[in-house]
Amino acid sequence: MASSFGNMPLILLAILAVAHHISCALSATEEATMKARHEQWMAGHGRAYKDDVEKAWRLKVFKTNADFVDRTNAAGDKKYRLATNEFADMTNDEFVARFAGFKPTPSSGSQKLWRFSLEKLTLPDDEQAIDWRTNGAVTGVKNQGQCGSVWAFSAVAAIEGIHQITTGHLVSLSEQQLVDCSTNGNKGCHGGLMDNAFQYVISNGGLATEDAYPYYAAQGTCLPIQPAVTISGYQDVPRDDEAALAAAVARQPVSLAVGVSANFQSYAGGILTADSCDSNLTHAVTAVGYGTAEDGTKYWLLKNSWGPRWGEAGYMRLERGTNACGVAKVASYPVFAGKQSGARWRSPRHRGRPVATTNISWHHARRWRQRMSPTVS
């Protein structure tokens, strides 16, 4: 008996050694699995790194994000789901710096507002849901690329919407013109404010079509392209008032700002809830509707500018009624008065062609721009 007790330390050491071996084997297996998952993700998204040092760092970031996605989805207590999407090798700080771009600075110049009385900003009882996509007032999901031009995409989607609602014609308009020309407080790929964009469109006498002034995800020289659509004013929605926001969205698509959390970055579907949000406003989207899910959860329908592979084919449903992600903090919409005689204008090179509802390739846009302005590199 004494001999058995005397051997206990040796037995414990043996058990610990076996446990350590198993742990190391599991860690090695998990590491190999994650490396393979990263390689598969790289192939699927066309990602390549400049050297092994960068690849090792991106693998580490990818693992952190993938673990977060897996834990969140496995919990089974969320109204939304996440995915290792094309942004999965970026930290949230990197992602916000590169793909957001809302700058909450005061709008520049004299604001030309079309005034609505607040009593008109009440939601009718029968307006329980609206989706401006099904009403033909929303162009296809666009992709801003690695340019913080979210403010331009948000503003353009709102202008496209009110123009279609007023005239019956859906025209894809130029974000690039705003990036190049709206310098009244906006900073191109380094961020801006939707109200400043609206003010530019008013002052410029309108905005060109996307076909006439294509997007290429960089700021360049402002080119004198004929405007196709204009607005007569814009209106800010009362701050933090979701009822007023709903009343505005019931009338037309509305530009607004939101905060971008890790959940927002990796969002793949469902309804993102307020407890998974960041209320620090860094991004801009366009509210194109609202509704209620089968479980009774009310939501906003938001059009994003990160391409159709993000979220629900480029859209997000965000919890409504809780000011999730600061959705009602900064919102505004353009006002369109009267039918535009120039709504169907095309440049000579593009007459006879339908206006595209998604972006042409940046490569072709850059070549077009070099022909238009030889000094652009």
# chains A, B, ... in the order shown; residues from 1 in each chain; ligands from 1
call {"tool": "residues_around", "arguments": {"residues": "His38 in chain A", "least_positions_apart": "3", "cutoff": "10 Å", "atoms": "only C-alpha atoms", "output": "list of chain:residue names"}}
result
A:Ala32, A:Thr33, A:Met34, A:Lys35, A:Trp41, A:Met42, A:Ala43, A:Gly44, A:Lys55, A:Arg58, A:Leu59, A:Lys60, A:Phe62, A:Lys63, A:Ala66, A:Thr84, A:Ala88, A:Asp89
call {"tool": "write_last_selection", "arguments": {"atoms": "C-alpha atoms", "output": "PDB file, in the first residue's frame"}}
result
ATOM      1  CA  ALA A  32      -3.702  23.258 -39.270  1.00  0.00           C
ATOM      2  CA  THR A  33      -7.475  23.420 -39.688  1.00  0.00           C
ATOM      3  CA  MET A  34      -7.470  27.211 -39.316  1.00  0.00           C
ATOM      4  CA  LYS A  35      -4.594  27.560 -41.787  1.00  0.00           C
ATOM      5  CA  TRP A  41     -10.890  31.870 -47.762  1.00  0.00           C
ATOM      6  CA  MET A  42      -7.959  33.532 -49.583  1.00  0.00           C
ATOM      7  CA  ALA A  43      -8.694  31.549 -52.728  1.00  0.00           C
ATOM      8  CA  GLY A  44     -12.397  32.352 -52.545  1.00  0.00           C
ATOM      9  CA  LYS A  55       0.402  36.519 -44.189  1.00  0.00           C
ATOM     10  CA  ARG A  58      -3.457  38.264 -41.415  1.00  0.00           C
ATOM     11  CA  LEU A  59      -3.854  34.617 -40.389  1.00  0.00           C
ATOM     12  CA  LYS A  60      -3.802  35.701 -36.744  1.00  0.00           C
ATOM     13  CA  PHE A  62      -8.501  35.888 -39.462  1.00  0.00           C
ATOM     14  CA  LYS A  63      -8.415  33.357 -36.618  1.00  0.00           C
ATOM     15  CA  ALA A  66     -13.345  33.358 -37.326  1.00  0.00           C
ATOM     16  CA  THR A  84     -16.138  35.002 -42.432  1.00  0.00           C
ATOM     17  CA  ALA A  88     -12.431  38.607 -42.219  1.00  0.00           C
ATOM     18  CA  ASP A  89      -8.665  39.298 -42.264  1.00  0.00           C
TER      19      ASP A  89
END
call {"tool": "closest_atom_pairs", "arguments": {"of": "range 236-270 of chain A", "to": "range 165-173 of chain A", "cutoff": "12 Å", "atoms": "only C-alpha atoms", "output": "tab-separated table"}}
result
residue	atom	partner	partner_atom	distance
A:Ala250	CA	A:Ile165	CA	11.7
A:Arg251	CA	A:Ile165	CA	8.9
A:Gln252	CA	A:Ile165	CA	7.5
A:Pro253	CA	A:Ile165	CA	9.7
call {"tool": "write_last_selection", "arguments": {"atoms": "all heavy atoms", "output": "mmCIF file, in the first residue's frame"}}
result
data_model
loop_
_atom_site.group_PDB
_atom_site.id
_atom_site.type_symbol
_atom_site.label_atom_id
_atom_site.label_comp_id
_atom_site.auth_asym_id
_atom_site.auth_seq_id
_atom_site.Cartn_x
_atom_site.Cartn_y
_atom_site.Cartn_z
ATOM 1 N N ALA A 250 -41.246 56.107 -44.990
ATOM 2 C CA ALA A 250 -42.513 55.756 -45.637
ATOM 3 C C ALA A 250 -42.729 56.580 -46.895
ATOM 4 O O ALA A 250 -43.449 56.167 -47.802
ATOM 5 C CB ALA A 250 -43.674 55.971 -44.665
ATOM 6 N N ARG A 251 -42.087 57.751 -46.965
ATOM 7 C CA ARG A 251 -42.231 58.651 -48.102
ATOM 8 C C ARG A 251 -41.144 58.427 -49.155
ATOM 9 O O ARG A 251 -41.392 58.593 -50.346
ATOM 10 C CB ARG A 251 -42.188 60.095 -47.604
ATOM 11 C CG ARG A 251 -42.437 61.132 -48.660
ATOM 12 C CD ARG A 251 -42.764 62.493 -48.075
ATOM 13 N NE ARG A 251 -41.763 62.919 -47.106
ATOM 14 C CZ ARG A 251 -42.049 63.244 -45.839
ATOM 15 N NH1 ARG A 251 -43.276 63.176 -45.388
ATOM 16 N NH2 ARG A 251 -41.100 63.645 -45.023
ATOM 17 N N GLN A 252 -39.924 57.999 -48.712
ATOM 18 C CA GLN A 252 -38.809 57.880 -49.652
ATOM 19 C C GLN A 252 -37.592 57.270 -48.951
ATOM 20 O O GLN A 252 -37.537 57.238 -47.724
ATOM 21 C CB GLN A 252 -38.432 59.265 -50.167
ATOM 22 C CG GLN A 252 -37.882 60.187 -49.077
ATOM 23 C CD GLN A 252 -37.703 61.605 -49.534
ATOM 24 O OE1 GLN A 252 -38.628 62.416 -49.440
ATOM 25 N NE2 GLN A 252 -36.518 61.925 -50.042
ATOM 26 N N PRO A 253 -36.586 56.786 -49.691
ATOM 27 C CA PRO A 253 -35.332 56.355 -49.077
ATOM 28 C C PRO A 253 -34.641 57.517 -48.363
ATOM 29 O O PRO A 253 -34.686 58.655 -48.834
ATOM 30 C CB PRO A 253 -34.507 55.861 -50.268
ATOM 31 C CG PRO A 253 -35.531 55.425 -51.270
ATOM 32 C CD PRO A 253 -36.640 56.447 -51.127
#
call {"tool": "select_by_dssp", "arguments": {"residues": "range 114-358 of chain A", "states": "strand (DSSP E or B)", "output": "PyMOL selection string"}}
result
chain A and resi 130-131+143+148+173+190+192+207+209+229+233-236+254-259+267-272+281-292+298-303+306+312+315-319+331-335
call {"tool": "residues_around", "arguments": {"residues": "Thr209 in chain A", "least_positions_apart": "5", "cutoff": "8 Å", "atoms": "only C-alpha atoms", "output": "list in words"}}
result
Val171, Ser172, Leu173, Ser174, Pro214, Pro227, Ala228, Val229, Arg346 and Val355 of chain A
call {"tool": "atom_distance", "arguments": {"atom1": "CA of Gly205 in chain A", "atom2": "CA of Ala152 in chain A"}}
result
16.8 Å
call {"tool": "residues_around", "arguments": {"residues": "Asp93 in chain A", "least_positions_apart": "5", "cutoff": "10 Å", "atoms": "only C-alpha atoms", "output": "VMD selection string"}}
result
chain A and resid 98 260 to 262
call {"tool": "write_last_selection", "arguments": {"atoms": "C-alpha atoms", "output": "short mmCIF file (atom, residue, chain, number, x, y, z; two decimals), in the first residue's frame"}}
result
data_model
loop_
_atom_site.label_atom_id
_atom_site.label_comp_id
_atom_site.auth_asym_id
_atom_site.auth_seq_id
_atom_site.Cartn_x
_atom_site.Cartn_y
_atom_site.Cartn_z
CA ARG A 98 -10.80 51.79 -44.69
CA VAL A 260 -19.90 49.75 -37.18
CA SER A 261 -19.12 46.98 -34.68
CA ALA A 262 -17.40 43.63 -35.28
#
call {"tool": "closest_residue", "arguments": {"among": "A:Leu256, A:Ala268, A:Met90, A:Ala36", "to": "Ala287 in chain A", "atoms": "only C-alpha atoms"}}
result
A:Leu256
call {"tool": "residues_around", "arguments": {"residues": "Ser182 in chain A", "least_positions_apart": "4", "cutoff": "12 Å", "atoms": "only C-alpha atoms", "output": "PDB file with C-alpha atoms, in the first residue's frame"}}
result
ATOM      1  CA  SER A 107     -22.682  70.995 -43.368  1.00  0.00           C
ATOM      2  CA  SER A 108     -20.895  73.663 -45.362  1.00  0.00           C
ATOM      3  CA  GLY A 109     -22.459  76.756 -46.867  1.00  0.00           C
ATOM      4  CA  SER A 149     -16.945  57.377 -49.866  1.00  0.00           C
ATOM      5  CA  TRP A 151     -21.397  59.388 -47.585  1.00  0.00           C
ATOM      6  CA  ALA A 152     -21.589  59.699 -51.376  1.00  0.00           C
ATOM      7  CA  ALA A 155     -26.670  60.414 -50.581  1.00  0.00           C
ATOM      8  CA  SER A 174     -22.699  59.228 -60.025  1.00  0.00           C
ATOM      9  CA  GLU A 175     -21.008  58.778 -56.662  1.00  0.00           C
ATOM     10  CA  GLN A 176     -17.708  59.623 -58.338  1.00  0.00           C
ATOM     11  CA  GLN A 177     -18.862  63.135 -59.143  1.00  0.00           C
ATOM     12  CA  LEU A 178     -19.514  63.713 -55.442  1.00  0.00           C
ATOM     13  CA  ASN A 186     -16.379  66.564 -47.714  1.00  0.00           C
ATOM     14  CA  LYS A 187     -13.017  64.871 -48.231  1.00  0.00           C
ATOM     15  CA  GLY A 188     -13.493  62.340 -50.994  1.00  0.00           C
ATOM     16  CA  CYS A 189     -12.269  58.913 -49.938  1.00  0.00           C
ATOM     17  CA  GLY A 191     -15.060  60.781 -45.458  1.00  0.00           C
ATOM     18  CA  GLY A 192     -17.894  63.246 -45.664  1.00  0.00           C
ATOM     19  CA  LEU A 193     -21.446  64.175 -44.740  1.00  0.00           C
ATOM     20  CA  MET A 194     -24.605  63.497 -46.741  1.00  0.00           C
ATOM     21  CA  ASP A 195     -26.037  66.988 -46.166  1.00  0.00           C
ATOM     22  CA  ASN A 196     -22.915  68.468 -47.761  1.00  0.00           C
ATOM     23  CA  ALA A 197     -23.451  66.177 -50.738  1.00  0.00           C
ATOM     24  CA  PHE A 198     -27.060  67.342 -51.082  1.00  0.00           C
ATOM     25  CA  GLN A 199     -25.917  70.957 -50.870  1.00  0.00           C
ATOM     26  CA  TYR A 200     -23.374  70.353 -53.654  1.00  0.00           C
ATOM     27  CA  VAL A 201     -26.022  68.829 -55.922  1.00  0.00           C
ATOM     28  CA  ILE A 202     -28.250  71.875 -55.382  1.00  0.00           C
ATOM     29  CA  SER A 203     -25.399  74.347 -55.991  1.00  0.00           C
ATOM     30  CA  ASN A 204     -24.152  72.445 -59.042  1.00  0.00           C
ATOM     31  CA  GLY A 206     -27.710  68.544 -60.475  1.00  0.00           C
ATOM     32  CA  LEU A 207     -25.800  65.259 -60.583  1.00  0.00           C
ATOM     33  CA  GLN A 219     -10.551  61.043 -55.723  1.00  0.00           C
ATOM     34  CA  GLY A 220      -9.575  62.892 -58.867  1.00  0.00           C
ATOM     35  CA  THR A 221     -10.077  66.168 -60.683  1.00  0.00           C
ATOM     36  CA  CYS A 222     -13.664  67.372 -60.850  1.00  0.00           C
ATOM     37  CA  LEU A 223     -14.859  66.964 -64.433  1.00  0.00           C
TER      38      LEU A 223
END
call {"tool": "atom_distance", "arguments": {"atom1": "CA of Tyr216 in chain A", "atom2": "CA of Gly46 in chain A"}}
result
19.1 Å
call {"tool": "closest_residue", "arguments": {"among": "A:Ala74, A:Ala217, A:Cys147, A:Cys325", "to": "Phe95 in chain A", "atoms": "only C-alpha atoms"}}
result
A:Cys147
call {"tool": "residues_around", "arguments": {"residues": "Pro238 in chain A", "least_positions_apart": "6", "cutoff": "9 Å", "atoms": "only C-alpha atoms", "output": "compact mmCIF listing (two decimals) with all heavy atoms, in the first residue's frame"}}
result
# COMPACT_ATOMS: atom_id res chain seq x y z
N LEU A 118 -43.56 69.34 -38.58
CA LEU A 118 -43.33 68.10 -37.85
C LEU A 118 -44.59 67.25 -37.76
O LEU A 118 -44.50 66.04 -37.62
CB LEU A 118 -42.81 68.42 -36.43
CG LEU A 118 -41.40 69.00 -36.38
CD1 LEU A 118 -40.99 69.23 -34.93
CD2 LEU A 118 -40.40 68.07 -37.05
N ALA A 244 -40.29 59.61 -36.39
CA ALA A 244 -40.11 60.57 -37.48
C ALA A 244 -39.32 59.95 -38.62
O ALA A 244 -39.61 60.19 -39.80
CB ALA A 244 -39.41 61.83 -36.96
N LEU A 245 -38.32 59.14 -38.27
CA LEU A 245 -37.54 58.47 -39.30
C LEU A 245 -38.41 57.51 -40.10
O LEU A 245 -38.33 57.46 -41.34
CB LEU A 245 -36.37 57.72 -38.66
CG LEU A 245 -35.46 56.94 -39.61
CD1 LEU A 245 -34.85 57.86 -40.66
CD2 LEU A 245 -34.34 56.23 -38.82
N ALA A 328 -30.98 56.55 -35.70
CA ALA A 328 -31.81 57.76 -35.82
C ALA A 328 -31.09 59.03 -35.36
O ALA A 328 -31.72 60.08 -35.23
CB ALA A 328 -33.11 57.58 -35.02
N LYS A 329 -29.80 58.95 -35.13
CA LYS A 329 -29.07 60.12 -34.65
C LYS A 329 -28.85 61.17 -35.74
O LYS A 329 -29.01 62.37 -35.50
CB LYS A 329 -27.73 59.69 -34.05
CG LYS A 329 -27.83 58.96 -32.73
CD LYS A 329 -26.47 58.64 -32.16
CE LYS A 329 -26.56 57.94 -30.82
NZ LYS A 329 -27.19 58.80 -29.79
N VAL A 330 -28.45 60.72 -36.93
CA VAL A 330 -28.19 61.65 -38.03
C VAL A 330 -28.82 61.08 -39.30
O VAL A 330 -28.30 60.12 -39.89
CB VAL A 330 -26.68 61.87 -38.26
CG1 VAL A 330 -26.45 62.77 -39.47
CG2 VAL A 330 -26.03 62.47 -37.02
N ALA A 331 -29.95 61.62 -39.69
CA ALA A 331 -30.65 61.15 -40.89
C ALA A 331 -31.19 62.35 -41.66
O ALA A 331 -31.61 63.34 -41.07
CB ALA A 331 -31.79 60.21 -40.50
N SER A 332 -31.18 62.24 -42.98
CA SER A 332 -31.70 63.33 -43.81
C SER A 332 -32.12 62.77 -45.16
O SER A 332 -31.74 61.66 -45.54
CB SER A 332 -30.63 64.42 -44.00
OG SER A 332 -29.45 63.89 -44.58
call {"tool": "closest_residue", "arguments": {"among": "A:Glu312, A:Gln146, A:Arg320, A:Val335", "to": "Gly233 in chain A", "atoms": "only C-alpha atoms"}}
result
A:Val335
call {"tool": "atom_distance", "arguments": {"atom1": "CA of Arg71 in chain A", "atom2": "CA of Ala324 in chain A"}}
result
21.9 Å
call {"tool": "closest_residue", "arguments": {"among": "A:Val288, A:Phe336, A:Thr297, A:Asp240", "to": "Thr134 in chain A", "atoms": "only C-alpha atoms"}}
result
A:Val288
call {"tool": "select_by_dssp", "arguments": {"residues": "range 224-254 of chain A", "states": "alpha helix (DSSP H)", "output": "PyMOL selection string"}}
result
chain A and resi 242-251
call {"tool": "write_last_selection", "arguments": {"atoms": "all heavy atoms", "output": "mmCIF file, in the first residue's frame"}}
result
data_model
loop_
_atom_site.group_PDB
_atom_site.id
_atom_site.type_symbol
_atom_site.label_atom_id
_atom_site.label_comp_id
_atom_site.auth_asym_id
_atom_site.auth_seq_id
_atom_site.Cartn_x
_atom_site.Cartn_y
_atom_site.Cartn_z
ATOM 1 N N GLU A 242 -37.190 57.819 -33.907
ATOM 2 C CA GLU A 242 -37.414 56.742 -34.868
ATOM 3 C C GLU A 242 -38.802 56.806 -35.497
ATOM 4 O O GLU A 242 -39.001 56.314 -36.614
ATOM 5 C CB GLU A 242 -37.170 55.376 -34.219
ATOM 6 C CG GLU A 242 -35.689 55.069 -34.023
ATOM 7 C CD GLU A 242 -35.428 53.620 -33.690
ATOM 8 O OE1 GLU A 242 -35.345 52.789 -34.616
ATOM 9 O OE2 GLU A 242 -35.300 53.318 -32.484
ATOM 10 N N ALA A 243 -39.767 57.386 -34.803
ATOM 11 C CA ALA A 243 -41.085 57.550 -35.394
ATOM 12 C C ALA A 243 -41.022 58.522 -36.570
ATOM 13 O O ALA A 243 -41.607 58.287 -37.630
ATOM 14 C CB ALA A 243 -42.077 58.046 -34.341
ATOM 15 N N ALA A 244 -40.288 59.614 -36.388
ATOM 16 C CA ALA A 244 -40.113 60.571 -37.478
ATOM 17 C C ALA A 244 -39.321 59.948 -38.620
ATOM 18 O O ALA A 244 -39.614 60.187 -39.799
ATOM 19 C CB ALA A 244 -39.411 61.827 -36.962
ATOM 20 N N LEU A 245 -38.322 59.142 -38.267
ATOM 21 C CA LEU A 245 -37.536 58.469 -39.302
ATOM 22 C C LEU A 245 -38.410 57.512 -40.104
ATOM 23 O O LEU A 245 -38.327 57.462 -41.337
ATOM 24 C CB LEU A 245 -36.366 57.716 -38.659
ATOM 25 C CG LEU A 245 -35.456 56.936 -39.612
ATOM 26 C CD1 LEU A 245 -34.846 57.859 -40.664
ATOM 27 C CD2 LEU A 245 -34.341 56.232 -38.824
ATOM 28 N N ALA A 246 -39.270 56.771 -39.413
ATOM 29 C CA ALA A 246 -40.168 55.852 -40.116
ATOM 30 C C ALA A 246 -41.118 56.612 -41.037
ATOM 31 O O ALA A 246 -41.402 56.170 -42.158
ATOM 32 C CB ALA A 246 -40.956 55.018 -39.105
ATOM 33 N N ALA A 247 -41.598 57.754 -40.574
ATOM 34 C CA ALA A 247 -42.485 58.555 -41.417
ATOM 35 C C ALA A 247 -41.762 59.045 -42.660
ATOM 36 O O ALA A 247 -42.332 59.089 -43.751
ATOM 37 C CB ALA A 247 -43.022 59.736 -40.609
ATOM 38 N N ALA A 248 -40.490 59.410 -42.498
ATOM 39 C CA ALA A 248 -39.706 59.854 -43.652
ATOM 40 C C ALA A 248 -39.453 58.700 -44.613
ATOM 41 O O ALA A 248 -39.593 58.850 -45.836
ATOM 42 C CB ALA A 248 -38.387 60.455 -43.179
ATOM 43 N N VAL A 249 -39.096 57.532 -44.086
ATOM 44 C CA VAL A 249 -38.819 56.365 -44.939
ATOM 45 C C VAL A 249 -40.100 55.896 -45.627
ATOM 46 O O VAL A 249 -40.050 55.352 -46.728
ATOM 47 C CB VAL A 249 -38.177 55.228 -44.112
ATOM 48 C CG1 VAL A 249 -37.991 53.972 -44.956
ATOM 49 C CG2 VAL A 249 -36.831 55.672 -43.546
ATOM 50 N N ALA A 250 -41.246 56.107 -44.990
ATOM 51 C CA ALA A 250 -42.513 55.756 -45.637
ATOM 52 C C ALA A 250 -42.729 56.580 -46.895
ATOM 53 O O ALA A 250 -43.449 56.167 -47.802
ATOM 54 C CB ALA A 250 -43.674 55.971 -44.665
ATOM 55 N N ARG A 251 -42.087 57.751 -46.965
ATOM 56 C CA ARG A 251 -42.231 58.651 -48.102
ATOM 57 C C ARG A 251 -41.144 58.427 -49.155
ATOM 58 O O ARG A 251 -41.392 58.593 -50.346
ATOM 59 C CB ARG A 251 -42.188 60.095 -47.604
ATOM 60 C CG ARG A 251 -42.437 61.132 -48.660
ATOM 61 C CD ARG A 251 -42.764 62.493 -48.075
ATOM 62 N NE ARG A 251 -41.763 62.919 -47.106
ATOM 63 C CZ ARG A 251 -42.049 63.244 -45.839
ATOM 64 N NH1 ARG A 251 -43.276 63.176 -45.388
ATOM 65 N NH2 ARG A 251 -41.100 63.645 -45.023
#
call {"tool": "closest_residue", "arguments": {"among": "A:Ala75, A:Leu82, A:Tyr315, A:Tyr333", "to": "His163 in chain A", "atoms": "only C-alpha atoms"}}
result
A:Tyr333
call {"tool": "closest_residue", "arguments": {"among": "A:Gln144, A:Asp131, A:Glu94, A:Ile162", "to": "Ser232 in chain A", "atoms": "only C-alpha atoms"}}
result
A:Ile162
call {"tool": "residues_around", "arguments": {"residues": "Leu272 in chain A", "least_positions_apart": "5", "cutoff": "9 Å", "atoms": "only C-alpha atoms", "output": "number ranges by chain"}}
result
A: 78-81, 263-264, 267, 277, 299, 316-319, 324
